[in-house]
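Data from structure03.pdb: PDB, C-alpha atoms
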ATOM      1  CA  MET E  74      91.476 -23.235 -71.641  1.00  0.00           C
ATOM      2  CA  SER E  75      91.549 -22.527 -67.927  1.00  0.00           C
ATOM      3  CA  THR E  76      88.545 -22.990 -65.677  1.00  0.00           C
ATOM      4  CA  ALA E  77      87.903 -21.961 -62.086  1.00  0.00           C
ATOM      5  CA  THR E  78      89.575 -25.197 -60.926  1.00  0.00           C
ATOM      6  CA  THR E  79      92.346 -25.570 -63.527  1.00  0.00           C
ATOM      7  CA  ALA E  80      95.071 -23.483 -65.142  1.00  0.00           C
ATOM      8  CA  SER E  81      96.026 -23.554 -68.806  1.00  0.00           C
ATOM      9  CA  VAL E  82      99.397 -23.311 -70.536  1.00  0.00           C
ATOM     10  CA  SER E  83     100.611 -22.201 -73.950  1.00  0.00           C
ATOM     11  CA  THR E  84     104.011 -21.439 -75.436  1.00  0.00           C
ATOM     12  CA  HIS E  85     105.793 -20.288 -78.536  1.00  0.00           C
ATOM     13  CA  ILE E  86     109.446 -20.142 -79.599  1.00  0.00           C
ATOM     14  CA  LEU E  87     111.338 -17.398 -81.409  1.00  0.00           C
ATOM     15  CA  ASP E  88     114.777 -18.272 -82.778  1.00  0.00           C
ATOM     16  CA  THR E  89     116.557 -14.990 -82.058  1.00  0.00           C
ATOM     17  CA  SER E  90     119.600 -16.005 -84.132  1.00  0.00           C
ATOM     18  CA  ILE E  91     117.508 -15.668 -87.292  1.00  0.00           C
ATOM     19  CA  GLY E  92     114.686 -13.470 -86.037  1.00  0.00           C
ATOM     20  CA  ARG E  93     111.992 -16.008 -86.928  1.00  0.00           C
ATOM     21  CA  PRO E  94     109.695 -18.512 -85.230  1.00  0.00           C
ATOM     22  CA  ALA E  95     111.251 -21.906 -84.484  1.00  0.00           C
ATOM     23  CA  GLU E  96     109.219 -24.491 -86.382  1.00  0.00           C
ATOM     24  CA  GLY E  97     109.188 -28.206 -85.574  1.00  0.00           C
ATOM     25  CA  VAL E  98     110.528 -28.119 -82.008  1.00  0.00           C
ATOM     26  CA  ALA E  99     109.159 -31.004 -79.942  1.00  0.00           C
ATOM     27  CA  ILE E 100     107.757 -30.001 -76.557  1.00  0.00           C
ATOM     28  CA  ALA E 101     106.747 -32.314 -73.700  1.00  0.00           C
ATOM     29  CA  LEU E 102     104.338 -31.154 -70.986  1.00  0.00           C
ATOM     30  CA  THR E 103     104.515 -32.586 -67.466  1.00  0.00           C
ATOM     31  CA  ALA E 104     102.718 -31.515 -64.306  1.00  0.00           C
ATOM     32  CA  ARG E 105     102.467 -32.255 -60.600  1.00  0.00           C
ATOM     33  CA  SER E 106     100.103 -31.393 -57.789  1.00  0.00           C
ATOM     34  CA  GLY E 107     102.411 -30.149 -55.040  1.00  0.00           C
ATOM     35  CA  SER E 108     106.132 -29.800 -54.401  1.00  0.00           C
ATOM     36  CA  GLY E 109     106.560 -33.395 -53.252  1.00  0.00           C
ATOM     37  CA  ALA E 110     104.313 -35.009 -55.845  1.00  0.00           C
ATOM     38  CA  GLU E 111     105.522 -37.098 -58.768  1.00  0.00           C
ATOM     39  CA  TRP E 112     105.749 -35.525 -62.218  1.00  0.00           C
ATOM     40  CA  VAL E 113     103.128 -36.858 -64.637  1.00  0.00           C
ATOM     41  CA  THR E 114     103.669 -36.643 -68.390  1.00  0.00           C
ATOM     42  CA  LEU E 115     100.540 -35.198 -69.961  1.00  0.00           C
ATOM     43  CA  GLY E 116     101.658 -35.273 -73.583  1.00  0.00           C
ATOM     44  CA  GLY E 117     103.402 -33.091 -76.060  1.00  0.00           C
ATOM     45  CA  SER E 118     103.357 -31.262 -79.335  1.00  0.00           C
ATOM     46  CA  LYS E 119     105.580 -29.614 -81.940  1.00  0.00           C
ATOM     47  CA  THR E 120     105.764 -25.973 -82.836  1.00  0.00           C
ATOM     48  CA  ASP E 121     104.040 -24.906 -86.042  1.00  0.00           C
ATOM     49  CA  ALA E 122     105.317 -22.479 -88.706  1.00  0.00           C
ATOM     50  CA  ASP E 123     104.499 -19.602 -86.354  1.00  0.00           C
ATOM     51  CA  GLY E 124     106.544 -21.228 -83.539  1.00  0.00           C
ATOM     52  CA  ARG E 125     103.393 -21.980 -81.531  1.00  0.00           C
ATOM     53  CA  CYS E 126     101.988 -25.130 -79.926  1.00  0.00           C
ATOM     54  CA  LYS E 127      98.246 -24.904 -80.248  1.00  0.00           C
ATOM     55  CA  ASP E 128      97.428 -28.408 -79.032  1.00  0.00           C
ATOM     56  CA  LEU E 129      99.123 -28.848 -75.652  1.00  0.00           C
ATOM     57  CA  PRO E 130      97.057 -31.073 -73.337  1.00  0.00           C
ATOM     58  CA  ALA E 131      94.836 -29.577 -70.659  1.00  0.00           C
ATOM     59  CA  LEU E 132      96.153 -29.505 -67.109  1.00  0.00           C
ATOM     60  CA  PRO E 133      94.409 -31.735 -64.579  1.00  0.00           C
ATOM     61  CA  GLU E 134      92.602 -30.239 -61.622  1.00  0.00           C
ATOM     62  CA  GLY E 135      94.967 -29.686 -58.696  1.00  0.00           C
ATOM     63  CA  THR E 136      98.053 -28.915 -60.830  1.00  0.00           C
ATOM     64  CA  THR E 137     100.456 -26.616 -59.006  1.00  0.00           C
ATOM     65  CA  HIS E 138     103.655 -26.974 -61.062  1.00  0.00           C
ATOM     66  CA  VAL E 139     104.229 -27.391 -64.787  1.00  0.00           C
ATOM     67  CA  ARG E 140     107.347 -28.273 -66.773  1.00  0.00           C
ATOM     68  CA  LEU E 141     107.837 -27.642 -70.475  1.00  0.00           C
ATOM     69  CA  ASP E 142     110.700 -29.648 -72.019  1.00  0.00           C
ATOM     70  CA  PHE E 143     111.881 -28.214 -75.347  1.00  0.00           C
ATOM     71  CA  GLU E 144     113.935 -30.549 -77.609  1.00  0.00           C
ATOM     72  CA  THR E 145     116.338 -27.950 -79.028  1.00  0.00           C
ATOM     73  CA  GLU E 146     119.191 -30.180 -80.214  1.00  0.00           C
ATOM     74  CA  THR E 147     117.215 -31.650 -83.090  1.00  0.00           C
ATOM     75  CA  TYR E 148     116.038 -28.200 -84.127  1.00  0.00           C
ATOM     76  CA  PHE E 149     119.567 -26.748 -84.219  1.00  0.00           C
ATOM     77  CA  SER E 150     121.042 -29.771 -85.986  1.00  0.00           C
ATOM     78  CA  ASN E 151     118.874 -28.825 -88.966  1.00  0.00           C
ATOM     79  CA  LYS E 152     121.297 -27.469 -91.564  1.00  0.00           C
ATOM     80  CA  THR E 153     118.820 -24.871 -92.819  1.00  0.00           C
ATOM     81  CA  SER E 154     118.700 -23.160 -89.426  1.00  0.00           C
ATOM     82  CA  GLU E 155     122.492 -23.179 -89.132  1.00  0.00           C
ATOM     83  CA  THR E 156     122.943 -21.731 -92.608  1.00  0.00           C
ATOM     84  CA  GLU E 157     120.432 -18.947 -91.942  1.00  0.00           C
ATOM     85  CA  ALA E 158     121.998 -18.132 -88.570  1.00  0.00           C
ATOM     86  CA  GLU E 159     125.524 -18.065 -89.994  1.00  0.00           C
ATOM     87  CA  ALA E 160     124.380 -15.601 -92.632  1.00  0.00           C
ATOM     88  CA  GLN E 161     123.665 -13.081 -89.856  1.00  0.00           C
ATOM     89  CA  GLN E 162     126.466 -10.587 -89.232  1.00  0.00           C
ATOM     90  CA  ASP E 163     127.311 -11.569 -85.650  1.00  0.00           C
ATOM     91  CA  ALA E 164     126.581 -15.289 -85.858  1.00  0.00           C
ATOM     92  CA  PRO E 165     129.368 -17.713 -84.935  1.00  0.00           C
ATOM     93  CA  ARG E 166     131.014 -19.271 -87.985  1.00  0.00           C
ATOM     94  CA  VAL E 167     131.886 -22.561 -86.294  1.00  0.00           C
ATOM     95  CA  ARG E 168     129.534 -24.674 -84.226  1.00  0.00           C
ATOM     96  CA  ASP E 169     130.110 -27.833 -82.237  1.00  0.00           C
ATOM     97  CA  SER E 170     126.883 -29.827 -82.136  1.00  0.00           C
ATOM     98  CA  GLY E 171     124.692 -26.969 -83.315  1.00  0.00           C
ATOM     99  CA  ALA E 172     123.388 -26.104 -79.849  1.00  0.00           C
ATOM    100  CA  PHE E 173     125.044 -25.530 -76.515  1.00  0.00           C
ATOM    101  CA  PHE E 174     121.772 -26.461 -74.804  1.00  0.00           C
ATOM    102  CA  PRO E 175     120.472 -29.772 -76.258  1.00  0.00           C
ATOM    103  CA  GLU E 176     117.259 -29.287 -74.332  1.00  0.00           C
ATOM    104  CA  VAL E 177     115.589 -26.560 -72.313  1.00  0.00           C
ATOM    105  CA  ALA E 178     113.408 -27.442 -69.326  1.00  0.00           C
ATOM    106  CA  ILE E 179     111.273 -24.677 -67.840  1.00  0.00           C
ATOM    107  CA  THR E 180     109.464 -25.336 -64.563  1.00  0.00           C
ATOM    108  CA  PHE E 181     106.936 -22.865 -63.174  1.00  0.00           C
ATOM    109  CA  ALA E 182     104.101 -22.604 -60.670  1.00  0.00           C
ATOM    110  CA  VAL E 183     100.470 -22.227 -61.760  1.00  0.00           C
ATOM    111  CA  VAL E 184      97.236 -21.331 -60.003  1.00  0.00           C
ATOM    112  CA  PRO E 185      93.707 -22.383 -60.938  1.00  0.00           C
ATOM    113  CA  GLY E 186      91.714 -20.039 -63.124  1.00  0.00           C
ATOM    114  CA  GLU E 187      94.708 -18.415 -64.821  1.00  0.00           C
ATOM    115  CA  HIS E 188      96.312 -18.860 -68.229  1.00  0.00           C
ATOM    116  CA  PHE E 189     100.117 -19.105 -68.390  1.00  0.00           C
ATOM    117  CA  HIS E 190     101.778 -18.244 -71.696  1.00  0.00           C
ATOM    118  CA  VAL E 191     105.513 -19.010 -71.512  1.00  0.00           C
ATOM    119  CA  PRO E 192     107.462 -17.874 -74.611  1.00  0.00           C
ATOM    120  CA  LEU E 193     110.995 -19.170 -75.218  1.00  0.00           C
ATOM    121  CA  LEU E 194     113.493 -16.849 -76.905  1.00  0.00           C
ATOM    122  CA  LEU E 195     116.142 -19.189 -78.238  1.00  0.00           C
ATOM    123  CA  ASN E 196     119.519 -19.114 -79.965  1.00  0.00           C
ATOM    124  CA  PRO E 197     122.244 -21.770 -80.209  1.00  0.00           C
ATOM    125  CA  PHE E 198     124.113 -20.438 -77.170  1.00  0.00           C
ATOM    126  CA  GLY E 199     121.432 -19.074 -74.870  1.00  0.00           C
ATOM    127  CA  TYR E 200     117.771 -18.692 -74.097  1.00  0.00           C
ATOM    128  CA  SER E 201     115.337 -16.578 -72.138  1.00  0.00           C
ATOM    129  CA  VAL E 202     111.762 -17.161 -70.975  1.00  0.00           C
ATOM    130  CA  TYR E 203     109.091 -14.990 -69.458  1.00  0.00           C
ATOM    131  CA  ARG E 204     105.435 -15.077 -68.516  1.00  0.00           C
ATOM    132  CA  GLY E 205     103.643 -13.612 -71.476  1.00  0.00           C
ATOM    133  CA  SER E 206     100.008 -12.824 -72.023  1.00  0.00           C
TER     134      SER E 206
END
Once more with this new file: its structure as structure tokens, please.
Amino acid sequence: MSTATTASVSTHILDTSIGRPAEGVAIALTARSGSGAEWVTLGGSKTDADGRCKDLPALPEGTTHVRLDFETETYFSNKTSETEAEAQQDAPRVRDSGAFFPEVAITFAVVPGEHFHVPLLLNPFGYSVYRGS
């Protein structure tokens, strides 16, 4: 939860190739306090059955930039996800490693006192993010 001196971050993932939340995706949270500062790993989590991470660590006071690293390769190497995606009408029938992007790293600026919800819309060959609410 954000305070007057800190920001807070949350995320969720929707696998758009199957139209469902992406469960079990590992996410690492890192932060820094200024453009020239070193990145500090704060911890991580995995998405639940609803595609959400409800236990990401709190951001330290003075955080100005945050990075979410999503481990997508492991998720897409899961045969269940591939089978479900291939069952969709327009899904590719042949896949190399299961994911074109083995990981997705999203870096964004934060300001104290605000909450930043950053959803990831994911499929094996592309992704999109936005600032949600």
Pick from E:Ser150, E:Thr84, E:Ser108, E:Thr137: nearest to E:Gly124, with all atoms listed in the file counted?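 Selected residue with least distance to E:Gly124: E:Thr84.
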Which polymer residues have any atom within 7 Å of an atom of stretch 90-104 of chain E, counting only C-alpha atoms, with same-chain residues fewer than 2 positions away left out, as a PyMOL selection string? chain E and resi 86-88+112-124+136+138-145+148+157-158+196
Evaluate the PyMOL selection byres ((chain E and resi 185) around 12) on the structure here and hand back the selected residues as number ranges by chain. E: 74-82, 106, 132-138, 182-184, 186-189
Would you work out the distance separating atom CA of E:Val191 from atom CA of E:Phe174, expressed in Å to one decimal? 18.2 Å
Atom CA of E:Tyr203 to atom CA of E:Cys126 measures 16.2 Å
